[in-house]
file entry.txt (compact mmCIF, C-alpha atoms)
# COMPACT_ATOMS: atom_id res chain seq x y z
CA MET A 7 78.01 80.04 107.01
CA ILE A 8 80.06 83.22 106.76
CA ILE A 9 80.29 82.83 102.97
CA ASP A 10 76.46 82.87 102.75
CA ASN A 11 76.36 86.06 104.82
CA LEU A 12 79.00 87.64 102.62
CA ASN A 13 77.18 86.62 99.49
CA ASN A 14 74.14 88.54 100.73
CA CYS A 15 76.23 91.67 100.19
CA ARG A 16 77.34 93.13 96.89
CA ILE A 17 81.10 92.58 96.95
CA ILE A 18 83.30 94.53 94.58
CA LEU A 19 86.88 93.46 93.90
CA ALA A 20 88.71 96.54 92.70
CA SER A 21 91.48 94.69 90.88
CA ARG A 22 92.07 93.57 87.33
CA SER A 23 94.51 90.87 88.49
CA PRO A 24 93.31 87.48 87.21
CA ARG A 25 95.20 85.82 90.07
CA ARG A 26 93.31 87.77 92.74
CA GLN A 27 90.02 87.11 90.99
CA GLN A 28 90.67 83.36 90.92
CA LEU A 29 91.67 83.27 94.59
CA LEU A 30 88.40 84.97 95.58
CA ARG A 31 86.45 82.50 93.44
CA ASP A 32 88.28 79.66 95.16
CA LEU A 33 87.21 81.16 98.48
CA GLY A 34 83.60 80.77 97.35
CA LEU A 35 82.77 84.47 97.13
CA LYS A 36 80.42 86.01 94.62
CA PHE A 37 81.81 89.33 93.49
CA GLU A 38 81.99 91.87 90.71
CA VAL A 39 85.20 93.22 89.27
CA VAL A 40 85.60 96.96 88.91
CA SER A 41 88.96 98.04 87.54
CA ARG A 42 90.19 101.58 87.21
CA GLU A 43 93.46 103.45 87.01
CA TYR A 44 94.98 104.33 90.38
CA ASP A 45 97.70 106.64 91.52
CA GLU A 46 100.04 104.18 93.24
CA THR A 47 102.54 106.77 94.42
CA PHE A 48 103.16 107.10 98.14
CA PRO A 49 104.69 109.69 100.47
CA ASP A 50 108.41 109.75 101.10
CA GLY A 51 109.38 108.14 104.37
CA LEU A 52 107.10 105.11 104.10
CA ALA A 53 108.71 101.70 103.97
CA GLY A 54 107.68 98.07 103.45
CA ASP A 55 104.24 97.25 104.83
CA GLU A 56 103.43 100.96 105.31
CA ILE A 57 103.56 101.43 101.54
CA ALA A 58 101.29 98.48 100.77
CA ARG A 59 98.70 99.56 103.37
CA TYR A 60 98.79 103.18 102.23
CA VAL A 61 98.17 102.35 98.56
CA ALA A 62 95.43 99.79 99.36
CA HIS A 63 93.68 102.38 101.57
CA GLU A 64 93.91 105.08 98.90
CA LYS A 65 92.39 102.72 96.34
CA ALA A 66 89.53 101.91 98.73
CA ILE A 67 88.59 105.49 99.61
CA SER A 68 88.26 106.31 95.92
CA PHE A 69 84.95 104.38 96.18
CA ARG A 70 83.79 106.36 99.23
CA ASP A 71 81.03 108.30 97.49
CA GLU A 72 79.83 105.42 95.31
CA LEU A 73 78.91 102.64 97.73
CA GLU A 74 75.45 101.78 99.04
CA GLU A 75 74.84 100.40 102.53
CA ASN A 76 75.02 96.73 101.53
CA GLU A 77 78.12 97.05 99.37
CA ILE A 78 81.71 96.17 100.24
CA VAL A 79 84.79 96.94 98.16
CA ILE A 80 88.05 94.99 98.48
CA THR A 81 91.26 96.62 97.28
CA ALA A 82 94.82 95.34 97.40
CA ASP A 83 98.35 96.36 96.57
CA THR A 84 101.35 94.04 96.42
CA ILE A 85 104.95 95.19 96.59
CA VAL A 86 108.28 93.42 96.65
CA TRP A 87 110.67 94.83 99.25
CA CYS A 88 114.32 93.96 98.74
CA ASN A 89 117.53 95.56 100.01
CA GLY A 90 115.56 98.40 101.60
CA LYS A 91 113.63 99.46 98.52
CA VAL A 92 110.53 98.66 96.47
CA LEU A 93 110.86 96.52 93.36
CA GLY A 94 107.72 97.37 91.43
CA LYS A 95 106.29 96.25 88.12
CA PRO A 96 108.94 96.40 85.39
CA GLY A 97 108.53 99.05 82.74
CA ASP A 98 110.39 97.17 80.02
CA TYR A 99 112.68 94.23 79.29
CA GLU A 100 115.78 95.85 80.76
CA ASP A 101 113.88 96.81 83.91
CA ALA A 102 112.62 93.23 84.36
CA MET A 103 116.17 91.96 83.93
CA ARG A 104 117.48 94.43 86.54
CA ILE A 105 114.80 93.45 89.07
CA LEU A 106 115.28 89.70 88.62
CA LYS A 107 119.05 90.04 88.95
CA GLU A 108 118.48 91.82 92.27
CA ILE A 109 116.29 89.08 93.75
CA SER A 110 118.46 86.29 92.30
CA GLY A 111 120.35 84.55 95.12
CA ASN A 112 118.60 86.78 97.63
CA THR A 113 115.73 86.86 100.13
CA HIS A 114 112.99 89.44 99.62
CA GLU A 115 109.62 90.21 101.16
CA VAL A 116 106.34 90.10 99.26
CA ILE A 117 103.94 92.42 101.07
CA THR A 118 100.26 92.77 100.23
CA GLY A 119 98.15 95.52 101.71
CA VAL A 120 94.39 94.90 101.70
CA SER A 121 91.47 97.23 102.47
CA ILE A 122 87.90 96.10 103.12
CA PHE A 123 85.69 99.16 102.80
CA SER A 124 81.98 99.87 103.24
CA PRO A 125 80.06 103.10 103.93
CA ALA A 126 80.16 102.33 107.66
CA ARG A 127 83.58 100.79 108.20
CA GLU A 128 87.07 100.20 106.88
CA VAL A 129 89.71 97.62 107.80
CA THR A 130 93.20 97.82 106.31
CA PHE A 131 95.92 95.26 106.99
CA SER A 132 99.04 93.82 105.42
CA VAL A 133 100.62 90.39 105.18
CA SER A 134 104.31 89.77 104.54
CA THR A 135 105.96 86.63 103.15
CA LYS A 136 109.71 86.10 102.92
CA VAL A 137 110.82 84.43 99.69
CA THR A 138 114.31 83.10 98.99
CA PHE A 139 115.51 82.63 95.41
CA GLU A 140 118.47 80.55 94.31
CA THR A 141 120.96 82.24 91.99
CA LEU A 142 119.61 82.50 88.45
CA SER A 143 121.75 82.57 85.33
CA GLU A 144 121.29 85.35 82.80
CA GLU A 145 120.09 82.70 80.33
CA GLU A 146 117.36 81.58 82.76
CA ILE A 147 116.26 85.16 83.40
CA ASN A 148 116.13 85.88 79.66
CA HIS A 149 114.10 82.73 79.04
CA TYR A 150 111.58 83.66 81.72
CA ILE A 151 111.09 87.23 80.52
CA ASP A 152 110.80 86.13 76.88
CA LYS A 153 108.26 83.40 77.59
CA TYR A 154 106.20 84.89 80.43
CA SER A 155 106.40 88.71 79.93
CA PRO A 156 106.02 89.47 83.66
CA TYR A 157 105.35 93.19 83.19
CA ASP A 158 102.15 93.19 85.25
CA LYS A 159 103.79 91.64 88.33
CA ALA A 160 105.50 93.31 91.27
CA GLY A 161 109.07 92.07 91.44
CA ALA A 162 108.85 90.97 87.79
CA TYR A 163 107.82 87.39 88.56
CA GLY A 164 104.92 85.09 89.34
CA ILE A 165 105.79 82.42 91.89
CA GLN A 166 103.33 79.99 90.30
CA GLU A 167 105.23 80.24 87.01
CA TRP A 168 108.39 78.56 85.71
CA ILE A 169 110.77 80.87 87.55
CA GLY A 170 109.15 80.09 90.90
CA ILE A 171 109.46 76.38 90.24
CA ILE A 172 113.18 76.51 89.45
CA ALA A 173 114.34 79.29 91.78
CA CYS A 174 112.19 79.51 94.91
CA SER A 175 113.99 77.47 97.56
CA HIS A 176 112.24 78.73 100.69
CA ILE A 177 109.05 80.55 101.69
CA GLU A 178 108.30 81.85 105.15
CA GLY A 179 104.63 82.80 105.37
CA SER A 180 101.61 82.64 103.09
CA TYR A 181 102.16 81.23 99.59
CA PHE A 182 98.89 82.74 98.37
CA ASN A 183 100.09 86.16 99.48
CA VAL A 184 102.94 85.80 97.00
CA VAL A 185 100.47 84.79 94.29
CA GLY A 186 98.66 88.07 94.97
CA LEU A 187 96.18 87.90 97.84
CA PRO A 188 96.49 86.61 101.44
CA VAL A 189 93.15 84.82 101.29
CA GLN A 190 93.40 83.08 104.68
CA ARG A 191 93.82 86.43 106.50
CA LEU A 192 91.24 88.05 104.23
CA TYR A 193 88.72 85.35 105.15
CA GLN A 194 89.29 86.04 108.87
CA GLU A 195 88.98 89.78 108.42
CA LEU A 196 85.79 89.40 106.36
CA GLN A 197 84.29 87.25 109.12
CA ASN A 198 84.94 90.00 111.67
CA PHE A 199 83.78 92.67 109.24
CA ILE A 200 80.41 90.98 108.68
CA LYS A 201 79.90 90.21 112.40
CA GLU A 202 80.39 93.85 113.33
CA LYS A 203 78.25 94.99 110.44
CA ARG A 204 75.35 92.77 111.60
CA GLN A 205 75.66 94.01 115.19
CA LYS A 206 75.17 97.65 114.18
call {"tool": "encode", "arguments": {"input": "entry.txt", "output": "structure tokens"}}
result
Amino acid sequence: MIIDNLNNCRIILASRSPRRQQLLRDLGLKFEVVSREYDETFPDGLAGDEIARYVAHEKAISFRDELEENEIVITADTIVWCNGKVLGKPGDYEDAMRILKEISGNTHEVITGVSIFSPAREVTFSVSTKVTFETLSEEEINHYIDKYSPYDKAGAYGIQEWIGIIACSHIEGSYFNVVGLPVQRLYQELQNFIKEKRQK
């Protein structure tokens, strides 16, 4: 089984996101969590999936001089792309309100860039999911921010929370990508990663 082969490696998830950690556990992987502060800025001129891949790659190469041969680090970065711009994590209440008003009654893309990195190889990819929200009232937005404090979430919301239940009318693509990690694609990429690793 591929999971057994993966569990023979030391896998590091470089993310403090509890949602990503749970999704990897649900996949059956044994892993350690290493969290650190990252510079999530990106060069001008990048857009959409280019941003997510760039930031995920930069997070991964920060481990370049620390990994042993049998170690793999997984990094990820999720952005919300709406109306031609990034809607990041809100800095405060007013920022969360502004972001949620922008995605209310609109379709946006949730894009996650993922890097799988070892001393011998790196794979970086991105997965995009289109999410449509019904129009939210200001009262509903206020209730969500007050109760759920979505300050650690790109786009100022968690689809698995109350706001996703009442507002998300359509998803095109991976639901788990919107939660925080495209685990189906990650599983495929890890399979290929381990096969190539064993052939070398």
call {"tool": "closest_residue", "arguments": {"input": "entry.txt", "among": "A:Leu73, A:Lys91, A:Val184, A:Cys174", "to": "A:Gly51", "atoms": "all atoms listed in the file"}}
result
A:Lys91
call {"tool": "residues_around", "arguments": {"input": "entry.txt", "residues": "A:Val133", "least_positions_apart": "3", "cutoff": "8 Å", "atoms": "all atoms listed in the file", "output": "ChimeraX atom specification"}}
result
/A:55,117-119,183,188,191
call {"tool": "residues_around", "arguments": {"input": "entry.txt", "residues": "A:Cys15", "least_positions_apart": "3", "cutoff": "12 Å", "atoms": "all atoms listed in the file", "output": "PyMOL selection string"}}
result
chain A and resi 8-12+18+35-38+73-79+124+196+199-200+203-204
call {"tool": "atom_distance", "arguments": {"input": "entry.txt", "atom1": "atom CA of A:Tyr44", "atom2": "atom CA of A:Trp87"}}
result
20.4 Å
call {"tool": "closest_residue", "arguments": {"input": "entry.txt", "among": "A:Arg22, A:Lys65, A:His149, A:Arg127", "to": "A:Asp45", "atoms": "all atoms listed in the file"}}
result
A:Lys65
call {"tool": "closest_atom_pairs", "arguments": {"input": "entry.txt", "of": "stretch 10-94 of chain A", "to": "stretch 150-173 of chain A", "cutoff": "7 Å", "atoms": "all atoms listed in the file", "output": "CSV"}}
result
residue,atom,partner,partner_atom,distance
A:Thr84,CA,A:Ala160,CA,6.7
A:Ile85,CA,A:Ala160,CA,5.7
A:Val86,CA,A:Gly161,CA,5.4
A:Leu93,CA,A:Gly161,CA,5.2
A:Gly94,CA,A:Ala160,CA,4.6
call {"tool": "closest_residue", "arguments": {"input": "entry.txt", "among": "A:Asn112, A:Thr47, A:Phe123, A:Lys107", "to": "A:Glu144", "atoms": "only C-alpha atoms"}}
result
A:Lys107
call {"tool": "closest_residue", "arguments": {"input": "entry.txt", "among": "A:Ser23, A:Gln190, A:Ser110, A:Asn198", "to": "A:Ile147", "atoms": "all atoms listed in the file"}}
result
A:Ser110
call {"tool": "closest_residue", "arguments": {"input": "entry.txt", "among": "A:Gln28, A:Asn148, A:Ser175, A:Ser21", "to": "A:Ala102", "atoms": "only C-alpha atoms"}}
result
A:Asn148
call {"tool": "atom_distance", "arguments": {"input": "entry.txt", "atom1": "atom CA of A:Ala58", "atom2": "atom CA of A:Ser41"}}
result
18.1 Å
call {"tool": "atom_distance", "arguments": {"input": "entry.txt", "atom1": "atom CA of A:Gln194", "atom2": "atom CA of A:Val61"}}
result
21.2 Å
call {"tool": "residues_around", "arguments": {"input": "entry.txt", "residues": "A:Gly179", "least_positions_apart": "6", "cutoff": "9 Å", "atoms": "only C-alpha atoms", "output": "ChimeraX atom specification"}}
result
/A:133-137
call {"tool": "decode", "arguments": {"input": "entry.txt", "residues": "stretch 60-165 of chain A", "atoms": "C-alpha atoms", "output": "PDB file, in the first residue's frame"}}
result
ATOM      1  CA  TYR A  60       4.904  30.552  -5.687  1.00  0.00           C
ATOM      2  CA  VAL A  61       4.183  30.889  -1.968  1.00  0.00           C
ATOM      3  CA  ALA A  62       3.942  27.100  -1.432  1.00  0.00           C
ATOM      4  CA  HIS A  63       7.310  26.653  -3.202  1.00  0.00           C
ATOM      5  CA  GLU A  64       8.958  29.399  -1.138  1.00  0.00           C
ATOM      6  CA  LYS A  65       7.717  27.772   2.063  1.00  0.00           C
ATOM      7  CA  ALA A  66       9.118  24.402   0.947  1.00  0.00           C
ATOM      8  CA  ILE A  67      12.603  25.598   0.006  1.00  0.00           C
ATOM      9  CA  SER A  68      12.995  27.158   3.446  1.00  0.00           C
ATOM     10  CA  PHE A  69      13.530  23.535   4.592  1.00  0.00           C
ATOM     11  CA  ARG A  70      16.162  22.848   1.917  1.00  0.00           C
ATOM     12  CA  ASP A  71      19.151  22.667   4.258  1.00  0.00           C
ATOM     13  CA  GLU A  72      17.353  20.821   7.056  1.00  0.00           C
ATOM     14  CA  LEU A  73      16.028  17.622   5.479  1.00  0.00           C
ATOM     15  CA  GLU A  74      17.623  14.173   5.576  1.00  0.00           C
ATOM     16  CA  GLU A  75      17.344  11.689   2.715  1.00  0.00           C
ATOM     17  CA  ASN A  76      14.235   9.931   4.050  1.00  0.00           C
ATOM     18  CA  GLU A  77      12.333  13.090   4.933  1.00  0.00           C
ATOM     19  CA  ILE A  78       9.560  14.807   2.983  1.00  0.00           C
ATOM     20  CA  VAL A  79       8.033  18.200   3.742  1.00  0.00           C
ATOM     21  CA  ILE A  80       4.564  19.222   2.555  1.00  0.00           C
ATOM     22  CA  THR A  81       3.738  22.922   2.349  1.00  0.00           C
ATOM     23  CA  ALA A  82       0.587  24.640   1.158  1.00  0.00           C
ATOM     24  CA  ASP A  83      -0.869  28.071   0.577  1.00  0.00           C
ATOM     25  CA  THR A  84      -4.531  28.850  -0.042  1.00  0.00           C
ATOM     26  CA  ILE A  85      -5.798  32.053  -1.601  1.00  0.00           C
ATOM     27  CA  VAL A  86      -9.208  33.326  -2.590  1.00  0.00           C
ATOM     28  CA  TRP A  87      -9.234  34.981  -6.019  1.00  0.00           C
ATOM     29  CA  CYS A  88     -12.205  37.234  -6.705  1.00  0.00           C
ATOM     30  CA  ASN A  89     -12.744  40.052  -9.201  1.00  0.00           C
ATOM     31  CA  GLY A  90      -9.127  39.824 -10.355  1.00  0.00           C
ATOM     32  CA  LYS A  91      -7.498  40.164  -6.944  1.00  0.00           C
ATOM     33  CA  VAL A  92      -6.485  38.187  -3.864  1.00  0.00           C
ATOM     34  CA  LEU A  93      -8.749  38.208  -0.828  1.00  0.00           C
ATOM     35  CA  GLY A  94      -6.410  37.162   1.960  1.00  0.00           C
ATOM     36  CA  LYS A  95      -6.829  36.615   5.674  1.00  0.00           C
ATOM     37  CA  PRO A  96      -8.652  39.553   7.268  1.00  0.00           C
ATOM     38  CA  GLY A  97      -6.645  41.790   9.535  1.00  0.00           C
ATOM     39  CA  ASP A  98      -9.593  42.922  11.658  1.00  0.00           C
ATOM     40  CA  TYR A  99     -13.375  43.025  11.905  1.00  0.00           C
ATOM     41  CA  GLU A 100     -13.819  45.704   9.255  1.00  0.00           C
ATOM     42  CA  ASP A 101     -11.516  43.836   6.866  1.00  0.00           C
ATOM     43  CA  ALA A 102     -13.504  40.607   7.334  1.00  0.00           C
ATOM     44  CA  MET A 103     -16.714  42.518   6.662  1.00  0.00           C
ATOM     45  CA  ARG A 104     -15.259  44.037   3.470  1.00  0.00           C
ATOM     46  CA  ILE A 105     -14.082  40.641   2.171  1.00  0.00           C
ATOM     47  CA  LEU A 106     -17.364  38.866   2.894  1.00  0.00           C
ATOM     48  CA  LYS A 107     -19.353  41.642   1.237  1.00  0.00           C
ATOM     49  CA  GLU A 108     -17.203  41.163  -1.874  1.00  0.00           C
ATOM     50  CA  ILE A 109     -17.839  37.417  -2.140  1.00  0.00           C
ATOM     51  CA  SER A 110     -21.528  37.771  -1.203  1.00  0.00           C
ATOM     52  CA  GLY A 111     -23.692  37.078  -4.260  1.00  0.00           C
ATOM     53  CA  ASN A 112     -20.569  36.307  -6.270  1.00  0.00           C
ATOM     54  CA  THR A 113     -18.459  33.441  -7.597  1.00  0.00           C
ATOM     55  CA  HIS A 114     -14.830  33.239  -6.492  1.00  0.00           C
ATOM     56  CA  GLU A 115     -11.983  30.759  -6.846  1.00  0.00           C
ATOM     57  CA  VAL A 116     -10.307  29.021  -3.926  1.00  0.00           C
ATOM     58  CA  ILE A 117      -6.806  28.087  -5.058  1.00  0.00           C
ATOM     59  CA  THR A 118      -4.396  25.965  -3.045  1.00  0.00           C
ATOM     60  CA  GLY A 119      -0.773  25.624  -4.028  1.00  0.00           C
ATOM     61  CA  VAL A 120       1.026  22.566  -2.634  1.00  0.00           C
ATOM     62  CA  SER A 121       4.720  21.632  -2.623  1.00  0.00           C
ATOM     63  CA  ILE A 122       6.094  18.177  -1.838  1.00  0.00           C
ATOM     64  CA  PHE A 123       9.797  18.577  -1.153  1.00  0.00           C
ATOM     65  CA  SER A 124      12.668  16.203  -0.365  1.00  0.00           C
ATOM     66  CA  PRO A 125      16.452  16.564  -0.734  1.00  0.00           C
ATOM     67  CA  ALA A 126      16.246  14.864  -4.146  1.00  0.00           C
ATOM     68  CA  ARG A 127      13.019  16.178  -5.640  1.00  0.00           C
ATOM     69  CA  GLU A 128      10.273  18.761  -5.554  1.00  0.00           C
ATOM     70  CA  VAL A 129       6.757  18.758  -7.006  1.00  0.00           C
ATOM     71  CA  THR A 130       4.604  21.888  -6.868  1.00  0.00           C
ATOM     72  CA  PHE A 131       1.029  22.029  -8.120  1.00  0.00           C
ATOM     73  CA  SER A 132      -2.193  23.925  -7.567  1.00  0.00           C
ATOM     74  CA  VAL A 133      -5.870  23.050  -7.473  1.00  0.00           C
ATOM     75  CA  SER A 134      -8.686  25.530  -8.086  1.00  0.00           C
ATOM     76  CA  THR A 135     -12.319  25.282  -6.976  1.00  0.00           C
ATOM     77  CA  LYS A 136     -15.049  27.705  -8.000  1.00  0.00           C
ATOM     78  CA  VAL A 137     -17.429  28.613  -5.180  1.00  0.00           C
ATOM     79  CA  THR A 138     -20.680  30.541  -5.571  1.00  0.00           C
ATOM     80  CA  PHE A 139     -22.218  32.361  -2.608  1.00  0.00           C
ATOM     81  CA  GLU A 140     -25.789  33.585  -2.355  1.00  0.00           C
ATOM     82  CA  THR A 141     -26.257  37.195  -1.281  1.00  0.00           C
ATOM     83  CA  LEU A 142     -25.666  37.633   2.442  1.00  0.00           C
ATOM     84  CA  SER A 143     -27.300  40.284   4.588  1.00  0.00           C
ATOM     85  CA  GLU A 144     -25.150  42.531   6.757  1.00  0.00           C
ATOM     86  CA  GLU A 145     -26.793  40.930   9.799  1.00  0.00           C
ATOM     87  CA  GLU A 146     -25.720  37.460   8.634  1.00  0.00           C
ATOM     88  CA  ILE A 147     -22.162  38.622   7.972  1.00  0.00           C
ATOM     89  CA  ASN A 148     -21.977  40.279  11.404  1.00  0.00           C
ATOM     90  CA  HIS A 149     -23.288  37.125  13.080  1.00  0.00           C
ATOM     91  CA  TYR A 150     -20.694  34.962  11.355  1.00  0.00           C
ATOM     92  CA  ILE A 151     -17.746  37.207  12.187  1.00  0.00           C
ATOM     93  CA  ASP A 152     -18.876  37.602  15.811  1.00  0.00           C
ATOM     94  CA  LYS A 153     -19.386  33.880  16.371  1.00  0.00           C
ATOM     95  CA  TYR A 154     -16.610  32.326  14.273  1.00  0.00           C
ATOM     96  CA  SER A 155     -13.805  34.967  14.189  1.00  0.00           C
ATOM     97  CA  PRO A 156     -12.518  33.854  10.754  1.00  0.00           C
ATOM     98  CA  TYR A 157      -9.253  35.800  10.964  1.00  0.00           C
ATOM     99  CA  ASP A 158      -7.054  32.803  10.159  1.00  0.00           C
ATOM    100  CA  LYS A 159      -8.884  31.955   6.923  1.00  0.00           C
ATOM    101  CA  ALA A 160      -8.257  33.161   3.391  1.00  0.00           C
ATOM    102  CA  GLY A 161     -11.381  34.891   2.142  1.00  0.00           C
ATOM    103  CA  ALA A 162     -12.561  35.341   5.746  1.00  0.00           C
ATOM    104  CA  TYR A 163     -14.640  32.163   5.838  1.00  0.00           C
ATOM    105  CA  GLY A 164     -14.589  28.425   6.409  1.00  0.00           C
ATOM    106  CA  ILE A 165     -16.897  26.535   4.073  1.00  0.00           C
TER     107      ILE A 165
END
